[in-house]
file run24.txt (compact mmCIF, C-alpha atoms)
# COMPACT_ATOMS: atom_id res chain seq x y z
CA MET F 1 171.43 154.19 86.22
CA ARG F 2 167.94 153.62 87.59
CA TYR F 3 165.81 150.55 87.08
CA HIS F 4 162.10 151.05 86.67
CA PHE F 5 159.74 148.46 88.10
CA TYR F 6 156.08 147.81 87.49
CA MET F 7 155.58 147.81 91.26
CA ALA F 8 156.82 151.36 91.70
CA SER F 9 153.27 152.65 91.50
CA THR F 10 150.47 150.91 93.34
CA PRO F 11 147.06 151.28 91.74
CA SER F 12 143.97 150.42 93.77
CA SER F 13 143.19 147.57 91.41
CA SER F 14 144.89 145.62 88.64
CA PRO F 15 144.00 143.16 85.86
CA GLN F 16 145.34 140.39 88.08
CA SER F 17 142.66 140.95 90.72
CA ALA F 18 139.90 140.58 88.12
CA ALA F 19 141.43 137.38 86.72
CA ASN F 20 142.17 135.97 90.18
CA PRO F 21 139.72 137.05 92.89
CA ASP F 22 141.88 135.28 95.49
CA ALA F 23 145.04 137.20 94.57
CA LEU F 24 147.39 138.37 97.30
CA VAL F 25 146.84 142.12 97.60
CA ILE F 26 149.39 144.34 99.34
CA ALA F 27 148.92 148.11 99.44
CA GLY F 28 146.45 147.88 96.57
CA ARG F 29 148.71 145.77 94.34
CA ALA F 30 147.53 142.27 93.39
CA PHE F 31 150.01 139.41 92.99
CA ARG F 32 149.30 136.13 91.22
CA SER F 33 151.35 134.05 93.65
CA ARG F 34 151.23 133.92 97.43
CA LEU F 35 154.82 132.68 97.48
CA ILE F 36 157.60 135.27 97.78
CA VAL F 37 161.18 134.10 97.31
CA GLY F 38 164.57 135.44 98.30
CA SER F 39 167.63 135.80 96.10
CA GLY F 40 170.48 134.81 98.42
CA LYS F 41 172.57 131.64 98.82
CA TYR F 42 172.19 130.38 95.26
CA ARG F 43 175.19 129.19 93.25
CA GLY F 44 174.72 131.86 90.63
CA PHE F 45 172.28 134.27 89.03
CA GLU F 46 171.22 131.67 86.48
CA GLU F 47 170.14 129.26 89.21
CA THR F 48 168.34 132.08 91.02
CA ALA F 49 166.39 132.95 87.89
CA LEU F 50 165.49 129.32 87.16
CA CYS F 51 164.24 128.75 90.70
CA LEU F 52 162.25 131.96 90.55
CA GLU F 53 160.57 130.74 87.38
CA ARG F 54 159.81 127.28 88.78
CA SER F 55 158.41 128.76 91.99
CA GLY F 56 155.81 130.78 90.13
CA ALA F 57 156.53 133.72 92.43
CA ASP F 58 156.09 137.21 91.06
CA MET F 59 157.97 138.94 93.87
CA ILE F 60 161.61 138.43 94.86
CA THR F 61 163.55 140.05 97.69
CA VAL F 62 166.96 141.59 97.11
CA ALA F 63 169.32 142.52 99.96
CA VAL F 64 170.40 146.08 99.22
CA ARG F 65 173.60 145.81 101.24
CA ARG F 66 174.67 142.48 99.75
CA VAL F 67 173.64 142.57 96.10
CA ASN F 68 174.98 144.90 93.44
CA ILE F 69 172.12 147.07 92.18
CA THR F 70 173.99 150.13 90.96
CA ASP F 71 177.19 149.18 89.09
CA ARG F 72 176.18 148.21 85.54
CA GLN F 73 179.75 147.13 84.78
CA GLN F 74 179.50 144.25 87.24
CA PRO F 75 177.30 141.12 87.19
CA ASN F 76 173.83 142.06 88.34
CA LEU F 77 170.93 139.85 89.42
CA LEU F 78 168.43 142.27 87.92
CA ASP F 79 169.79 141.47 84.44
CA TYR F 80 168.46 137.91 84.83
CA ILE F 81 164.92 138.83 85.84
CA ASP F 82 162.03 140.00 83.67
CA LEU F 83 161.18 143.18 85.54
CA LYS F 84 157.88 143.45 83.70
CA LYS F 85 156.70 140.20 85.28
CA VAL F 86 158.49 140.06 88.61
CA ALA F 87 158.40 142.68 91.36
CA ILE F 88 161.60 143.48 93.22
CA LEU F 89 161.26 143.83 96.99
CA PRO F 90 164.43 145.47 98.36
CA ASN F 91 165.27 144.46 101.91
CA THR F 92 167.39 145.91 104.67
CA ALA F 93 169.07 142.65 105.68
CA GLY F 94 172.18 143.21 107.79
CA CYS F 95 170.92 146.36 109.49
CA TYR F 96 171.15 146.46 113.30
CA THR F 97 169.74 149.91 114.04
CA ALA F 98 166.66 151.82 112.95
CA GLU F 99 168.87 154.55 111.50
CA ASP F 100 170.85 152.09 109.39
CA ALA F 101 167.68 150.41 108.09
CA ILE F 102 166.10 153.76 107.21
CA ARG F 103 169.24 154.85 105.37
CA THR F 104 169.38 151.56 103.45
CA ALA F 105 165.71 151.82 102.46
CA ARG F 106 166.25 155.34 101.17
CA LEU F 107 169.25 154.16 99.15
CA ALA F 108 167.15 151.40 97.59
CA ARG F 109 164.37 153.79 96.65
CA GLU F 110 166.84 156.15 95.02
CA ALA F 111 168.65 153.41 93.11
CA LEU F 112 165.59 151.41 92.07
CA ASP F 113 162.88 154.07 91.88
CA ASN F 114 160.88 151.73 94.11
CA PRO F 115 159.16 152.67 97.40
CA TRP F 116 158.62 149.07 98.54
CA VAL F 117 160.86 147.67 101.26
CA LYS F 118 161.08 144.52 103.34
CA LEU F 119 162.22 146.07 106.59
CA GLU F 120 164.65 144.15 108.78
CA VAL F 121 166.23 145.51 111.95
CA ILE F 122 168.18 142.70 113.56
CA GLY F 123 168.62 142.65 117.33
CA ASP F 124 170.84 139.61 117.81
CA PRO F 125 173.56 138.34 115.43
CA ARG F 126 173.27 134.68 116.46
CA THR F 127 169.50 134.19 116.21
CA LEU F 128 168.83 137.06 113.80
CA PHE F 129 165.72 137.83 115.82
CA PRO F 130 164.35 141.31 115.14
CA ASP F 131 164.79 144.34 117.39
CA VAL F 132 161.07 145.07 117.59
CA VAL F 133 161.43 148.47 119.26
CA ALA F 134 163.73 149.72 116.50
CA LEU F 135 161.55 147.99 113.91
CA VAL F 136 158.44 149.91 114.95
CA GLU F 137 160.44 153.14 114.99
CA ALA F 138 161.81 152.59 111.49
CA THR F 139 158.40 151.53 110.16
CA ALA F 140 156.83 154.77 111.38
CA VAL F 141 159.54 156.92 109.79
CA LEU F 142 159.49 155.15 106.43
CA ALA F 143 155.70 154.95 106.21
CA LYS F 144 155.50 158.72 106.72
CA GLU F 145 157.98 159.11 103.85
CA GLY F 146 155.72 157.16 101.51
CA PHE F 147 157.41 153.77 101.67
CA ILE F 148 155.35 150.60 101.45
CA VAL F 149 156.80 148.82 104.46
CA LEU F 150 156.73 145.05 104.97
CA PRO F 151 158.45 144.47 108.35
CA TYR F 152 160.05 141.17 109.37
CA THR F 153 159.03 140.66 113.00
CA ASN F 154 158.55 138.05 115.68
CA ASP F 155 155.31 136.17 116.29
CA ASP F 156 154.08 138.57 118.98
CA VAL F 157 150.60 140.02 118.60
CA ILE F 158 151.39 143.25 120.47
CA THR F 159 154.27 144.05 118.17
CA ALA F 160 152.08 143.27 115.17
CA ARG F 161 149.49 145.77 116.33
CA ARG F 162 152.14 148.44 116.85
CA LEU F 163 153.58 147.85 113.38
CA ILE F 164 150.14 148.22 111.81
CA ASP F 165 149.54 151.41 113.79
CA ALA F 166 152.93 152.67 112.57
CA GLY F 167 151.84 152.22 108.96
CA ALA F 168 153.04 148.75 107.93
CA ALA F 169 151.48 147.51 104.68
CA ALA F 170 151.84 143.90 105.87
CA VAL F 171 153.13 142.07 108.92
CA MET F 172 155.72 139.32 108.41
CA PRO F 173 156.13 137.14 111.51
CA LEU F 174 158.88 134.54 111.61
CA GLY F 175 157.95 130.88 111.73
CA ALA F 176 161.39 130.01 113.14
CA PRO F 177 164.85 131.63 113.05
CA ILE F 178 166.06 132.74 109.61
CA GLY F 179 167.64 129.90 107.66
CA SER F 180 166.89 127.30 110.35
CA GLY F 181 164.43 125.18 108.37
CA LEU F 182 162.65 124.26 111.61
CA GLY F 183 159.15 125.02 110.36
CA ILE F 184 156.40 126.75 112.31
CA GLN F 185 157.49 126.60 115.96
CA ASN F 186 154.56 128.37 117.62
CA VAL F 187 151.32 127.28 116.01
CA ALA F 188 149.19 128.86 118.73
CA ASN F 189 150.73 132.29 118.18
CA MET F 190 150.19 132.03 114.44
CA ARG F 191 146.53 131.27 115.01
CA ILE F 192 146.19 134.25 117.33
CA LEU F 193 148.00 136.51 114.86
CA ARG F 194 145.62 135.37 112.13
CA GLU F 195 142.65 136.36 114.28
CA VAL F 196 144.11 139.74 115.21
CA ILE F 197 145.66 140.84 111.88
CA GLN F 198 142.71 141.71 109.68
CA THR F 199 143.52 145.03 107.99
CA VAL F 200 146.82 144.04 106.29
CA PRO F 201 148.23 140.74 104.98
CA MET F 202 150.08 138.37 107.31
CA ILE F 203 153.03 136.75 105.55
CA VAL F 204 155.09 134.07 107.30
CA ASP F 205 158.75 134.97 106.84
CA ALA F 206 161.65 132.70 107.83
CA GLY F 207 161.99 129.17 109.13
CA VAL F 208 160.30 127.15 106.38
CA GLY F 209 162.34 124.07 105.50
CA CYS F 210 160.15 121.88 103.31
CA ALA F 211 156.88 121.88 101.41
CA SER F 212 154.82 120.68 104.36
CA ASP F 213 156.02 123.68 106.40
CA ALA F 214 154.82 126.05 103.68
CA SER F 215 151.49 124.26 103.43
CA GLN F 216 151.05 124.39 107.21
CA ALA F 217 151.70 128.13 107.25
CA MET F 218 148.97 128.63 104.67
CA GLU F 219 146.58 126.25 106.43
CA LEU F 220 147.01 128.37 109.57
CA GLY F 221 145.64 131.27 107.58
CA ALA F 222 148.76 133.09 106.42
CA ASP F 223 148.18 135.26 103.38
CA GLY F 224 151.56 134.32 101.97
CA VAL F 225 154.95 132.76 102.69
CA LEU F 226 158.41 134.20 102.10
CA MET F 227 161.37 131.84 101.87
CA ASN F 228 164.92 131.64 100.60
CA THR F 229 167.16 129.04 102.25
CA ALA F 230 164.64 126.20 101.91
CA ILE F 231 164.91 126.46 98.14
CA ALA F 232 168.50 127.64 97.71
CA GLU F 233 170.02 124.95 99.96
CA ALA F 234 167.89 122.05 98.73
CA LYS F 235 169.76 119.28 96.94
CA GLN F 236 167.69 120.09 93.85
CA PRO F 237 166.72 123.77 94.22
CA GLU F 238 164.60 123.97 91.07
CA LEU F 239 162.55 120.94 92.10
CA MET F 240 162.10 122.36 95.60
CA ALA F 241 160.98 125.66 94.13
CA GLU F 242 158.22 123.86 92.26
CA ALA F 243 157.30 121.88 95.39
CA MET F 244 156.95 125.10 97.36
CA LYS F 245 154.71 126.58 94.68
CA LEU F 246 152.35 123.61 94.91
CA ALA F 247 152.49 123.53 98.70
CA VAL F 248 151.48 127.17 99.05
CA GLU F 249 148.63 126.68 96.59
CA ALA F 250 147.43 123.51 98.35
CA GLY F 251 147.65 125.07 101.80
CA ARG F 252 145.65 128.09 100.69
CA LYS F 253 142.92 125.93 99.17
CA SER F 254 142.82 123.76 102.29
CA TYR F 255 142.39 126.85 104.48
CA LEU F 256 139.61 128.23 102.30
CA ALA F 257 137.86 124.84 102.13
CA GLY F 258 137.65 124.58 105.90
CA ARG F 259 139.09 121.71 107.88
CA MET F 260 136.85 118.95 109.20
CA GLY F 261 136.40 118.86 112.95
CA ARG F 262 138.68 116.68 115.06
CA ARG F 263 137.07 113.74 116.81
CA LEU F 264 138.32 111.56 119.63
CA TYR F 265 136.73 108.40 118.20
CA ALA F 266 136.28 106.93 114.74
CA SER F 267 133.43 107.95 112.48
CA ALA F 268 132.49 105.52 109.71
CA SER F 269 132.86 106.90 106.20
CA SER F 270 129.92 104.81 105.02
CA PRO F 271 127.06 104.76 107.57
CA ILE F 272 125.01 101.55 107.67
CA GLU F 273 121.61 103.14 108.24
CA GLY F 274 119.30 102.18 105.40
CA GLY F 275 121.73 99.64 103.98
CA ILE F 276 121.59 95.85 103.90
CA GLY F 277 121.18 94.67 107.44
CA GLY F 278 120.72 98.21 108.67
CA ARG F 279 117.86 99.45 110.76

call {"tool": "encode", "arguments": {"input": "run24.txt", "output": "structure tokens"}}
result
Amino acid sequence: MRYHFYMASTPSSSPQSAANPDALVIAGRAFRSRLIVGSGKYRGFEETALCLERSGADMITVAVRRVNITDRQQPNLLDYIDLKKVAILPNTAGCYTAEDAIRTARLAREALDNPWVKLEVIGDPRTLFPDVVALVEATAVLAKEGFIVLPYTNDDVITARRLIDAGAAAVMPLGAPIGSGLGIQNVANMRILREVIQTVPMIVDAGVGCASDASQAMELGADGVLMNTAIAEAKQPELMAEAMKLAVEAGRKSYLAGRMGRRLYASASSPIEGGIGGR
């Protein structure tokens, strides 16, 4: 049995973009939220669905190799999600070669009638850092086949350029190792990536541990943040989901507002010129 998702087709515009001129737009599709959440590590599908709702996210990733998406006789995460409101982003988590990732993406498209894929090609089992050579290779193959590819990559600007040239619809650099909760480890690289990546969205993927990490990613200019463990492993996951929603919104507004300049010395908030005793 196939599921049909509203994201399966990608019109050049949508009602969301008119209602929200600052919507996150990927491959012509506008999303209300700049927060994307994962579906792993929760204590059950009910908790996953509740955290999704509290986060305000309208896109959730699903690991094709780890989550049942085909057997309707077994418990299925997709039964707990309103597929008219939330977009499913299949991912190739657990793949260690380009060939395996390509095969998994094709399986997801066939099962879900959905050409979108978060592409992961892992190069090291301990750090879960990406194999960027295989990642670029897989991106090129899938993009030519009509997939909308969102690759998980490192924070290297050269790799980002190659992924865009290969047809990536977004670039998703890690802030820190997956599931580490360390926050943004290389602020300078993120700033450089923001300057260089102009034609597709830049979405920070992996490493966020708390709301301030998410806000920092957005203040650095990220177009969005993807997270899973930070919410799922919080002591109160639903509350953390709401905190992340607010943090992403605040960070985006802070970035758009423009930060004040840094100064070495103090600057009085209320100047004395023209006041009592002033000159």

call {"tool": "closest_atom_pairs", "arguments": {"input": "run24.txt", "of": "range 117-226 of chain F", "to": "range 251-270 of chain F", "cutoff": "6 Å", "atoms": "only C-alpha atoms", "output": "CSV"}}
result
residue,atom,partner,partner_atom,distance
F:Ser215,CA,F:Gly251,CA,4.2
F:Met218,CA,F:Gly251,CA,4.8
F:Glu219,CA,F:Tyr255,CA,4.7

call {"tool": "residues_around", "arguments": {"input": "run24.txt", "residues": "range 231-237 of chain F", "least_positions_apart": "4", "cutoff": "7 Å", "atoms": "all atoms listed in the file", "output": "VMD selection string"}}
result
chain F and resid 41 to 42 51 241

call {"tool": "atom_distance", "arguments": {"input": "run24.txt", "atom1": "CA of Ile164 in chain F", "atom2": "CA of Ala134 in chain F"}}
result
14.5 Å

call {"tool": "axis_aligned_box", "arguments": {"input": "run24.txt", "around": "range 27-32 of chain F", "padding_each_side": "5 Å", "output": "AutoDock Vina command-line options"}}
result
--center_x 148.2 --center_y 142.1 --center_z 95.3 --size_x 13.6 --size_y 22.0 --size_z 18.2

call {"tool": "residues_around", "arguments": {"input": "run24.txt", "residues": "Asp100 in chain F", "least_positions_apart": "4", "cutoff": "12 Å", "atoms": "only C-alpha atoms", "output": "JSON, numbers by chain"}}
result
{"F": [64, 65, 92, 93, 94, 95, 96, 104, 105, 106, 107, 119, 120, 121, 122, 134, 135, 137, 138]}

call {"tool": "closest_residue", "arguments": {"input": "run24.txt", "among": "F:Leu24, F:Val141, F:Leu182, F:Ile88", "to": "Ala101 in chain F", "atoms": "only C-alpha atoms"}}
result
F:Val141

call {"tool": "atom_distance", "arguments": {"input": "run24.txt", "atom1": "CA of Gly40 in chain F", "atom2": "CA of Ala143 in chain F"}}
result
26.2 Å

call {"tool": "atom_distance", "arguments": {"input": "run24.txt", "atom1": "CA of Thr127 in chain F", "atom2": "CA of Leu193 in chain F"}}
result
21.7 Å
